[in-house]
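Asks: You'll find run11.txt just under this line, and it carries compact mmCIF, C-alpha atoms and all ligand atoms.
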```txt
# COMPACT_ATOMS: atom_id res chain seq x y z
CA MET W 19 261.34 229.64 141.38
CA HIS W 20 261.11 232.02 144.24
CA SER W 21 261.25 235.78 143.81
CA GLY W 22 263.49 236.60 146.78
CA LYS W 23 260.64 238.71 148.12
CA SER W 24 258.81 237.72 151.29
CA ALA W 25 255.69 235.67 150.64
CA TRP W 26 253.77 238.52 152.33
CA ASP W 27 255.73 241.37 150.82
CA GLY W 28 254.01 244.73 151.40
CA VAL W 29 251.53 243.55 154.02
CA GLU W 30 251.68 243.14 157.80
CA GLY W 31 253.11 239.73 158.76
CA PRO W 32 255.95 238.02 160.63
CA THR W 33 259.32 239.73 160.25
CA GLU W 34 262.89 238.53 160.02
CA GLU W 35 263.76 239.72 163.55
CA GLN W 36 261.08 237.44 164.96
CA VAL W 37 262.73 234.32 163.55
CA ALA W 38 266.39 235.26 163.19
CA TYR W 39 267.60 234.13 166.61
CA CYS W 40 266.21 230.61 166.63
CA ILE W 41 269.24 228.45 167.51
CA ARG W 42 267.35 225.26 166.55
CA CYS W 43 268.03 223.76 169.98
CA GLY W 44 264.80 221.74 169.89
CA LEU W 45 263.86 222.46 173.49
CA CYS W 46 260.40 223.49 172.30
CA LEU W 47 259.75 220.05 170.77
CA SER W 48 259.61 218.53 174.24
CA VAL W 49 256.50 220.55 175.17
CA CYS W 50 254.64 220.83 171.86
CA PRO W 51 251.41 218.76 171.80
CA THR W 52 251.15 218.66 168.00
CA TYR W 53 254.73 217.45 167.70
CA LYS W 54 254.24 214.79 170.37
CA GLU W 55 251.16 213.61 168.53
CA SER W 56 252.65 213.54 165.01
CA LEU W 57 256.41 213.29 165.62
CA ARG W 58 256.82 215.40 162.49
CA GLU W 59 259.24 218.34 162.44
CA THR W 60 256.78 220.41 160.42
CA GLU W 61 254.27 220.09 163.27
CA SER W 62 256.79 221.32 165.83
CA PRO W 63 257.51 224.90 166.92
CA ARG W 64 261.03 224.73 165.50
CA GLY W 65 259.64 223.47 162.20
CA ARG W 66 257.02 226.22 162.10
CA VAL W 67 259.68 228.87 162.78
CA ALA W 68 261.77 227.44 159.93
CA LEU W 69 258.77 227.46 157.57
CA VAL W 70 257.96 231.08 158.41
CA ALA W 71 261.63 232.01 157.97
CA LYS W 72 261.66 230.43 154.50
CA ALA W 73 258.46 232.28 153.55
CA ILE W 74 260.01 235.57 154.71
CA GLU W 75 263.09 234.84 152.58
CA GLY W 76 260.80 234.18 149.62
CA GLU W 77 261.84 230.53 149.35
CA LEU W 78 258.39 229.21 150.19
CA GLU W 79 255.08 230.22 148.70
CA LEU W 80 251.74 230.32 150.48
CA THR W 81 250.71 226.87 149.37
CA ARG W 82 247.88 224.88 150.88
CA ASN W 83 250.45 222.81 152.73
CA PHE W 84 252.14 225.85 154.21
CA LYS W 85 248.81 227.25 155.39
CA ASP W 86 247.85 223.94 156.97
CA HIS W 87 251.08 223.89 159.01
CA MET W 88 250.28 227.37 160.30
CA TYR W 89 246.71 226.36 161.17
CA ARG W 90 247.70 223.17 162.99
CA CYS W 91 249.37 225.14 165.78
CA LEU W 92 247.11 225.22 168.85
CA ALA W 93 248.56 228.55 170.04
CA CYS W 94 249.01 226.87 173.44
CA LEU W 95 252.15 228.94 174.12
CA ALA W 96 254.07 226.04 175.68
CA CYS W 97 256.94 226.64 173.22
CA THR W 98 256.99 230.40 173.85
CA HIS W 99 257.45 229.78 177.56
CA ILE W 100 260.31 227.34 177.19
CA CYS W 101 262.29 228.97 174.38
CA PRO W 102 265.66 230.18 175.76
CA VAL W 103 266.03 233.01 173.23
CA GLY W 104 262.51 234.43 173.25
CA ILE W 105 261.13 233.10 169.95
CA LYS W 106 257.30 233.10 169.92
CA PRO W 107 256.21 230.37 167.49
CA ALA W 108 252.49 230.64 168.35
CA GLU W 109 252.52 234.38 167.67
CA LEU W 110 254.34 233.73 164.38
CA CYS W 111 251.66 231.27 163.27
CA LEU W 112 248.85 233.71 164.12
CA GLU W 113 250.63 236.54 162.32
CA ALA W 114 251.29 234.30 159.33
CA ARG W 115 247.53 233.55 159.18
CA TYR W 116 246.83 237.29 159.12
CA ALA W 117 249.40 237.76 156.34
CA ILE W 118 247.92 234.87 154.34
CA GLU W 119 244.43 236.39 154.63
CA GLN W 120 245.71 239.69 153.26
CA VAL W 121 247.62 238.15 150.33
CA GLN W 122 245.12 235.42 149.47
CA PRO W 123 241.75 236.38 151.01
CA THR W 124 239.56 233.32 151.64
CA PRO W 125 236.25 233.51 149.82
CA LEU W 126 232.82 232.93 151.38
CA LEU W 127 232.72 230.92 154.60
CA LYS W 128 235.42 232.58 156.70
CA PRO W 129 234.49 236.20 155.82
CA LEU W 130 230.84 235.28 156.43
CA LEU W 131 231.72 233.91 159.86
CA PHE W 132 234.16 236.57 161.01
CA ARG W 133 232.68 239.65 159.35
CA GLY W 134 229.03 238.68 159.26
CA ILE W 135 228.23 236.46 162.24
CA PHE W 136 230.69 236.78 165.14
CA PRO W 137 230.32 240.56 165.43
CA ARG W 138 226.52 240.14 165.75
CA THR W 139 225.73 238.41 169.03
CA GLY W 140 222.00 238.27 168.27
CA LEU W 141 222.65 236.45 165.00
CA LEU W 142 225.05 234.04 166.71
CA GLU W 143 222.34 233.24 169.26
CA LEU W 144 219.78 232.74 166.51
CA LEU W 145 222.05 230.34 164.59
CA THR W 146 222.56 228.15 167.66
CA LYS W 147 218.80 227.85 168.25
CA PRO W 148 218.41 224.65 166.17
CA VAL W 149 221.13 223.01 168.29
CA ALA W 150 219.42 224.17 171.49
CA LEU W 151 216.08 222.89 170.13
CA TYR W 152 217.66 219.51 169.40
CA ASP W 153 218.78 219.35 173.03
CA ARG W 154 215.82 220.92 174.85
CA SER W 155 213.09 219.14 172.87
CA GLY W 156 214.25 215.73 174.09
CA VAL W 157 215.33 214.61 170.58
CA ARG W 158 218.94 214.43 171.76
CA LYS W 159 218.00 212.11 174.62
CA VAL W 160 216.10 209.79 172.25
CA VAL W 161 218.90 209.88 169.67
CA ASN W 162 221.46 208.93 172.32
CA ALA W 163 219.25 206.29 173.93
CA LEU W 164 218.73 204.61 170.54
CA GLY W 165 222.44 204.82 169.78
CA VAL W 166 221.74 206.71 166.53
CA THR W 167 224.94 208.72 166.82
CA GLY W 168 226.85 205.41 166.83
CA VAL W 169 226.37 205.12 163.06
CA LEU W 170 227.75 208.59 162.38
CA PRO W 171 231.37 209.08 161.27
CA SER W 172 233.49 209.47 164.44
CA GLN W 173 234.14 213.17 163.90
CA LEU W 174 230.44 214.04 163.61
CA ARG W 175 229.64 211.85 166.59
CA ASP W 176 232.29 213.64 168.66
CA MET W 177 231.04 217.06 167.57
CA GLU W 178 227.62 216.10 168.91
CA ARG W 179 229.08 214.72 172.14
CA MET W 180 231.12 217.88 172.62
CA LEU W 181 228.00 219.98 173.14
CA PRO W 182 227.28 220.85 176.77
CA ASN W 183 224.78 218.61 178.55
CA ARG W 184 222.12 221.27 178.96
CA LEU W 185 222.10 223.94 176.25
CA PRO W 186 220.35 227.19 177.18
CA TRP W 187 217.32 227.96 175.02
CA ARG W 188 217.62 231.69 175.55
CA GLY W 189 221.03 233.35 175.20
CA THR W 190 222.68 234.04 178.56
CA ARG W 191 222.44 237.78 178.03
CA HIS W 192 218.64 237.47 178.09
CA GLN W 193 218.77 235.47 181.32
CA LEU W 194 221.02 237.84 183.25
CA PRO W 195 219.75 241.20 184.54
CA ASP W 196 221.54 244.46 183.60
CA ARG W 197 222.72 244.93 187.16
CA VAL W 198 223.13 242.78 190.26
CA LEU W 199 223.63 244.39 193.64
CA ALA W 200 226.28 243.42 196.19
CA ARG W 201 225.27 241.23 199.08
CA GLY W 202 226.41 242.48 202.45
CA GLU W 203 228.95 245.26 202.68
CA ARG W 204 229.79 246.70 199.23
CA ARG W 205 233.45 246.20 198.33
CA ALA W 206 233.69 246.94 194.59
CA HIS W 207 231.85 248.09 191.47
CA VAL W 208 232.65 245.86 188.50
CA ALA W 209 231.49 245.00 184.98
CA TYR W 210 231.01 241.41 183.86
CA PHE W 211 232.23 240.75 180.29
CA LEU W 212 229.88 238.25 178.71
CA GLY W 213 231.85 236.41 176.01
CA CYS W 214 230.12 234.91 172.99
CA VAL W 215 230.74 231.17 173.58
CA GLN W 216 229.60 231.39 177.21
CA GLY W 217 226.75 233.58 176.03
CA VAL W 218 225.30 230.85 173.83
CA MET W 219 226.54 227.66 175.51
CA MET W 220 227.44 228.17 179.18
CA ALA W 221 224.62 229.95 180.96
CA GLU W 222 225.17 228.12 184.26
CA GLY W 223 228.83 229.14 184.48
CA CYS W 224 228.02 232.80 183.68
CA LYS W 225 225.24 232.98 186.25
CA ALA W 226 227.51 231.41 188.87
CA THR W 227 230.24 234.00 188.22
CA VAL W 228 227.81 236.88 188.68
CA GLU W 229 226.40 235.25 191.82
CA VAL W 230 229.88 234.76 193.27
CA LEU W 231 230.75 238.40 192.57
CA ALA W 232 227.61 239.59 194.37
CA GLU W 233 228.32 237.23 197.31
CA ASN W 234 231.72 238.89 197.55
CA GLY W 235 230.28 242.35 197.90
CA CYS W 236 230.40 243.52 194.27
CA ASP W 237 227.85 245.61 192.47
CA VAL W 238 227.92 244.02 189.02
CA VAL W 239 226.89 245.73 185.82
CA ILE W 240 226.36 243.40 182.85
CA PRO W 241 226.49 245.32 179.56
CA LYS W 242 224.62 243.34 176.92
CA GLN W 243 226.06 245.24 173.96
CA VAL W 244 229.58 243.77 174.35
CA LYS W 245 230.97 242.12 171.25
CA CYS W 246 233.17 239.05 170.87
CA CYS W 247 236.63 239.61 172.45
CA GLY W 248 238.18 239.18 168.98
CA MET W 249 240.19 235.99 169.51
CA PRO W 250 238.31 233.87 166.91
CA MET W 251 239.11 236.57 164.35
CA VAL W 252 242.80 236.67 165.33
CA GLY W 253 242.91 232.87 165.17
CA TYR W 254 241.68 232.88 161.57
CA GLY W 255 243.67 235.80 160.22
CA PHE W 256 240.99 238.50 160.53
CA LYS W 257 242.98 240.84 162.75
CA ASP W 258 241.40 244.05 161.39
CA GLU W 259 237.97 242.77 162.43
CA ALA W 260 239.40 241.84 165.86
CA ARG W 261 240.65 245.40 166.24
CA GLN W 262 237.15 246.67 165.49
CA MET W 263 235.74 244.44 168.25
CA ALA W 264 238.41 245.78 170.61
CA ARG W 265 237.53 249.43 169.87
CA HIS W 266 233.84 248.74 170.46
CA ASN W 267 234.47 246.97 173.78
CA ILE W 268 236.87 249.67 174.97
CA ASP W 269 234.35 252.44 174.27
CA LEU W 270 231.55 250.54 175.96
CA LEU W 271 233.34 249.26 179.05
CA LEU W 272 235.62 252.22 179.81
CA GLY W 273 232.51 254.40 179.69
CA LEU W 274 231.04 252.49 182.64
CA ASN W 275 233.67 253.81 185.07
CA VAL W 276 233.95 250.51 186.92
CA GLU W 277 236.90 249.47 189.06
CA ALA W 278 237.40 246.16 187.23
CA ILE W 279 236.24 244.30 184.12
CA ILE W 280 235.69 240.66 185.02
CA THR W 281 235.73 237.71 182.67
CA ASP W 282 235.31 234.00 183.41
CA CYS W 283 236.64 232.91 180.01
CA ALA W 284 240.40 232.35 179.82
CA THR W 285 240.48 233.14 176.11
CA CYS W 286 238.46 236.35 176.47
CA GLY W 287 240.69 237.42 179.37
CA SER W 288 243.91 236.92 177.43
CA SER W 289 242.49 238.79 174.41
CA LEU W 290 241.15 241.72 176.45
CA LYS W 291 244.55 242.05 178.12
CA GLU W 292 246.21 242.02 174.67
CA TYR W 293 244.20 244.98 173.32
CA PRO W 294 247.15 247.36 173.91
CA GLU W 295 249.26 245.22 171.53
CA TRP W 296 246.49 244.93 168.95
CA LEU W 297 245.98 248.71 168.96
CA GLU W 298 249.51 249.97 169.57
CA ASN W 299 249.59 251.74 166.19
CA ASP W 300 246.17 253.31 166.56
CA PRO W 301 246.74 256.89 167.82
CA GLU W 302 243.15 257.25 169.02
CA TYR W 303 242.98 253.98 170.94
CA ALA W 304 246.54 253.05 171.99
CA GLU W 305 246.32 254.82 175.38
CA ARG W 306 242.69 253.87 176.02
CA ALA W 307 243.53 250.23 175.31
CA LYS W 308 246.13 250.36 178.10
CA GLN W 309 243.64 251.90 180.56
CA PHE W 310 241.14 249.23 179.57
CA ALA W 311 243.54 246.28 179.89
CA ALA W 312 244.69 247.47 183.31
CA LYS W 313 241.14 246.86 184.59
CA VAL W 314 240.68 243.36 183.13
CA ARG W 315 240.73 240.47 185.60
CA ASP W 316 239.93 236.81 185.37
CA ILE W 317 237.27 236.00 187.98
CA SER W 318 239.70 233.87 190.04
CA GLU W 319 242.42 236.53 189.88
CA PHE W 320 239.94 239.18 191.01
CA LEU W 321 238.49 237.16 193.87
CA VAL W 322 241.91 236.34 195.28
CA GLU W 323 242.96 240.00 195.08
CA LEU W 324 239.74 241.04 196.80
CA GLY W 325 239.84 238.24 199.38
CA ILE W 326 237.26 235.48 199.06
CA ARG W 327 234.43 235.64 201.60
CA PRO W 328 234.39 232.15 203.09
CA PRO W 329 231.15 230.33 202.35
CA ALA W 330 229.52 228.56 205.28
CA GLY W 331 228.81 225.56 203.01
CA GLN W 332 231.30 223.08 201.57
CA VAL W 333 231.04 221.25 198.25
CA GLY W 334 233.07 218.31 199.50
CA ALA W 335 233.46 216.56 196.13
CA ARG W 336 236.58 215.00 194.59
CA VAL W 337 237.68 217.58 191.99
CA THR W 338 240.56 217.88 189.56
CA TYR W 339 241.56 221.06 187.74
CA HIS W 340 242.70 221.57 184.13
CA ASP W 341 244.74 224.74 183.48
CA PRO W 342 243.56 226.45 180.27
CA CYS W 343 246.55 227.57 178.14
CA HIS W 344 245.08 231.07 177.90
CA LEU W 345 244.92 231.31 181.68
CA CYS W 346 248.12 229.66 182.93
CA ARG W 347 250.56 230.75 180.24
CA ALA W 348 248.93 233.74 178.55
CA GLN W 349 247.98 235.37 181.90
CA GLY W 350 250.19 233.59 184.45
CA ILE W 351 247.13 232.54 186.47
CA ARG W 352 247.67 229.16 188.12
CA SER W 353 247.20 229.35 191.88
CA GLN W 354 244.08 231.55 191.92
CA PRO W 355 241.56 229.07 190.42
CA ARG W 356 242.86 226.48 192.88
CA GLU W 357 242.28 228.95 195.72
CA VAL W 358 238.70 229.40 194.50
CA LEU W 359 238.23 225.63 194.52
CA ARG W 360 239.69 225.29 198.01
CA ALA W 361 237.41 228.08 199.22
CA ALA W 362 234.48 226.04 197.88
CA GLY W 363 235.63 223.21 200.16
CA VAL W 364 236.41 220.65 197.45
CA ASP W 365 238.87 217.81 197.75
CA LEU W 366 241.34 218.98 195.08
CA ILE W 367 243.28 216.16 193.42
CA GLU W 368 245.98 217.43 191.05
CA MET W 369 246.23 215.63 187.73
CA LYS W 370 249.58 215.08 185.99
CA GLU W 371 250.39 217.66 183.29
CA SER W 372 247.40 219.78 184.31
CA ASP W 373 248.70 222.63 182.13
CA THR W 374 249.12 220.58 178.93
CA CYS W 375 246.69 221.66 176.20
CA CYS W 376 243.48 219.59 175.93
CA GLY W 377 243.50 219.81 172.10
CA SER W 378 240.55 222.18 171.79
CA ALA W 379 242.16 225.45 170.63
CA GLY W 380 238.70 226.63 169.61
CA THR W 381 237.92 224.62 166.52
CA GLN W 382 240.66 221.99 166.15
CA LEU W 383 238.12 219.20 166.61
CA ILE W 384 236.52 220.40 163.38
CA THR W 385 239.61 221.42 161.42
CA HIS W 386 242.18 218.81 162.59
CA TYR W 387 240.13 216.07 164.17
CA HIS W 388 242.68 213.28 164.63
CA THR W 389 245.31 215.53 166.20
CA SER W 390 242.70 217.10 168.48
CA VAL W 391 241.34 213.80 169.86
CA GLY W 392 244.85 212.30 170.10
CA ILE W 393 245.87 215.17 172.39
CA LEU W 394 242.58 214.90 174.29
CA GLU W 395 243.16 211.19 174.96
CA ARG W 396 246.49 211.95 176.70
CA LYS W 397 244.71 214.56 178.81
CA MET W 398 241.96 212.10 179.72
CA ASP W 399 244.51 209.48 180.85
CA ASN W 400 245.63 212.01 183.44
CA VAL W 401 242.06 213.02 184.33
CA ALA W 402 240.94 209.39 184.76
CA ALA W 403 243.91 208.62 187.03
CA THR W 404 242.61 211.14 189.61
CA GLU W 405 239.23 209.38 189.84
CA ALA W 406 237.67 212.83 190.17
CA GLU W 407 233.91 213.19 190.02
CA ILE W 408 234.20 216.80 188.86
CA ILE W 409 236.63 218.40 186.40
CA ALA W 410 236.93 222.16 186.78
CA SER W 411 238.32 224.53 184.18
CA GLY W 412 237.92 228.24 183.49
CA CYS W 413 237.58 228.23 179.70
CA PRO W 414 234.44 227.30 177.74
CA GLY W 415 236.49 225.75 174.91
CA CYS W 416 238.36 223.50 177.35
CA GLN W 417 235.11 222.63 179.13
CA MET W 418 233.52 221.47 175.88
CA GLN W 419 236.58 219.44 174.91
CA LEU W 420 236.80 217.84 178.38
CA ASN W 421 233.08 217.11 178.25
CA LEU W 422 233.76 215.19 175.05
CA GLY W 423 236.67 213.40 176.75
CA VAL W 424 234.39 212.33 179.61
CA LYS W 425 231.85 210.89 177.15
CA ARG W 426 234.48 209.14 175.01
CA ARG W 427 235.82 207.43 178.16
CA GLY W 428 232.41 206.78 179.69
CA LEU W 429 233.57 208.44 182.92
CA ASP W 430 231.10 209.23 185.66
CA ALA W 431 232.20 212.86 185.97
CA ARG W 432 230.93 216.32 185.10
CA VAL W 433 232.78 219.37 183.83
CA VAL W 434 232.21 222.78 185.40
CA HIS W 435 233.67 226.27 185.79
CA PRO W 436 235.30 226.84 189.24
CA SER W 437 232.75 229.64 189.84
CA GLN W 438 229.97 227.04 189.78
CA LEU W 439 231.47 225.19 192.73
CA LEU W 440 232.00 228.35 194.77
CA ALA W 441 228.43 229.46 194.00
CA GLN W 442 227.24 226.03 195.11
CA ALA W 443 229.08 226.46 198.43
CA TYR W 444 227.42 229.88 198.97
CA ARG W 445 223.99 228.42 198.14
CA LYS W 446 224.48 225.62 200.65
CA LYS W 447 224.88 228.25 203.33
CA LYS W 448 221.50 229.71 202.36
CA SER W 449 219.64 226.42 202.18
CA ASP W 450 221.06 225.44 205.59
CA GLU W 451 219.91 228.68 207.22
S1 LIG U 501 262.08 228.19 168.85
FE1 LIG U 501 263.38 228.46 170.65
S2 LIG U 501 263.29 226.50 171.74
FE2 LIG U 501 262.54 226.13 169.67
S3 LIG U 501 264.32 225.48 168.49
FE3 LIG U 501 264.17 227.72 168.23
S4 LIG U 501 265.47 228.56 169.85
FE4 LIG U 501 265.10 226.42 170.41
S1 LIG U 502 251.89 227.01 170.45
FE1 LIG U 502 251.66 224.89 171.19
S2 LIG U 502 251.01 223.73 169.37
FE2 LIG U 502 251.81 225.71 168.62
S3 LIG U 502 253.95 225.29 168.15
FE3 LIG U 502 253.89 226.05 170.27
S4 LIG U 502 253.78 224.23 171.57
FE4 LIG U 502 253.25 223.59 169.48
```
Would you give me this structure, written as structure tokens?
Replies:
Amino acid sequence: MHSGKSAWDGVEGPTEEQVAYCIRCGLCLSVCPTYKESLRETESPRGRVALVAKAIEGELELTRNFKDHMYRCLACLACTHICPVGIKPAELCLEARYAIEQVQPTPLLKPLLFRGIFPRTGLLELLTKPVALYDRSGVRKVVNALGVTGVLPSQLRDMERMLPNRLPWRGTRHQLPDRVLARGERRAHVAYFLGCVQGVMMAEGCKATVEVLAENGCDVVIPKQVKCCGMPMVGYGFKDEARQMARHNIDLLLGLNVEAIITDCATCGSSLKEYPEWLENDPEYAERAKQFAAKVRDISEFLVELGIRPPAGQVGARVTYHDPCHLCRAQGIRSQPREVLRAAGVDLIEMKESDTCCGSAGTQLITHYHTSVGILERKMDNVAATEAEIIASGCPGCQMQLNLGVKRRGLDARVVHPSQLLAQAYRKKKSDE
């Protein structure tokens, strides 16, 4: 028996106005990766809207099943962009997760992760050391050569294969200096936002972004005390912790008086630009969050606005580009990464459905393995058809998922951030001099 009260009565969560105007047209089903994979209404945007509506009416309780439907959404925003009446199913799912966490707080693991570990970059780096040791010590090479991972269950094997090919031993923030000076005429003074996944996994991409900024006449300050952008917390219903991260980053980065705050992570960029929404009811931070967000730029967006200095060198490789959901839909950035690639002198081959989600969504490979790899396989069909030797993408989560896709297919291709190719083109100029 239901009580007639919303399942999240008295706490912040999705409201009736957010679901009331769904006309059940089904347009969103045509673009939803989880629906295409499962063909189940409950894994579609329309189904998720209906589930949330029933929970608001008090006709559904927060059962395990209900929670799972909310957590299966990849937050890829494809439905939000196609809906003719402005329903935002991804936002509803994220808000429902926040409501669930308030009504039925998860014990142990999640609070440990999102309250204890993610806010502490040093601890995060320390916890990834055993994985880096496994890679850097040569054990990984031996394990792969002997085919040891072949006996593991497929999910574990894929989690191992998802790791980047060369994991940094020292966190990226220890490898980068505090400040890098502009080369040539100075054109801007910017801060580089070092996100946590790049910070522990993607040193080469981060270094390339800073190098490219300097090559384009930017003085770059790299504050090491930045905290996670907050998206992992929002994704798992820990919105209050995300707001804390936002306040910390605003105080730190606004205090630097830079012209722009640059990120090379699509997810970080979309979160940093959303701080005004996260903090709209915070009288102390609402205005500062707007000032902060106005300065945030994805690296490709910034370079195109500034005007890319043409490198003398050319990369000249066959490259295809995957649009991260948090870049193309959350921030409307589609042409700029392609302009960066063209400036690097690559032969850009467009794949079909380049803006369809790759199935990563942060941790879906761990939480919903079969859906995640099913979606990845469709993506890899399109990647393989281009016969590209390099796959470029501006999101560390997508890069890891695509790296897995390359290994599952046995493709002779590598996955990089677009900055890496532009940096390569600038370096060619130097080595040719
Ligand atoms: S969410 Fe939008 S697109 Fe999907 S069924 Fe409802 S009205 Fe149609
Ligand atoms: S955000 Fe993506 S996965 Fe989630 S309901 Fe919309 S289309 Fe489906």
Asks: Which is closest to W:Gly134 among W:Cys283, W:Met251, W:Ile105, W:Ile393, if we use all atoms listed in the file?
Replies: W:Met251
Asks: Would you work out the distance separating atom CA of W:Glu178 from atom CA of W:Ile367, expressed in Å to one decimal?
Replies: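 Separating atom CA of W:Glu178 from atom CA of W:Ile367 is a distance of 29.1 Å.
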Asks: Show which residues sit within 10 Å of W:Ala361, as a ChimeraX atom specification. Count only C-alpha atoms, and ignore same-chain residues fewer than 3 positions away.
Replies: /W:326-333,355-358,364,439-440,443
Asks: List all protein, DNA and RNA residues that have at least one atom no more than 7 Å from any atom of ligand LIG 501 (chain U), counting all atoms listed in the file, and write them as a ChimeraX atom specification.
Replies: /W:39-47,63-64,67,97,100-107
Asks: Would you give the centre and edge lengths, in Å to one decimal, of a box along x, y and z around the listed atoms of ligand LIG 502 (chain U), with 6 Å added to each side, as AutoDock Vina command-line options?
Replies:
```
--center_x 252.5 --center_y 225.3 --center_z 169.9 --size_x 14.9 --size_y 15.4 --size_z 15.4
```
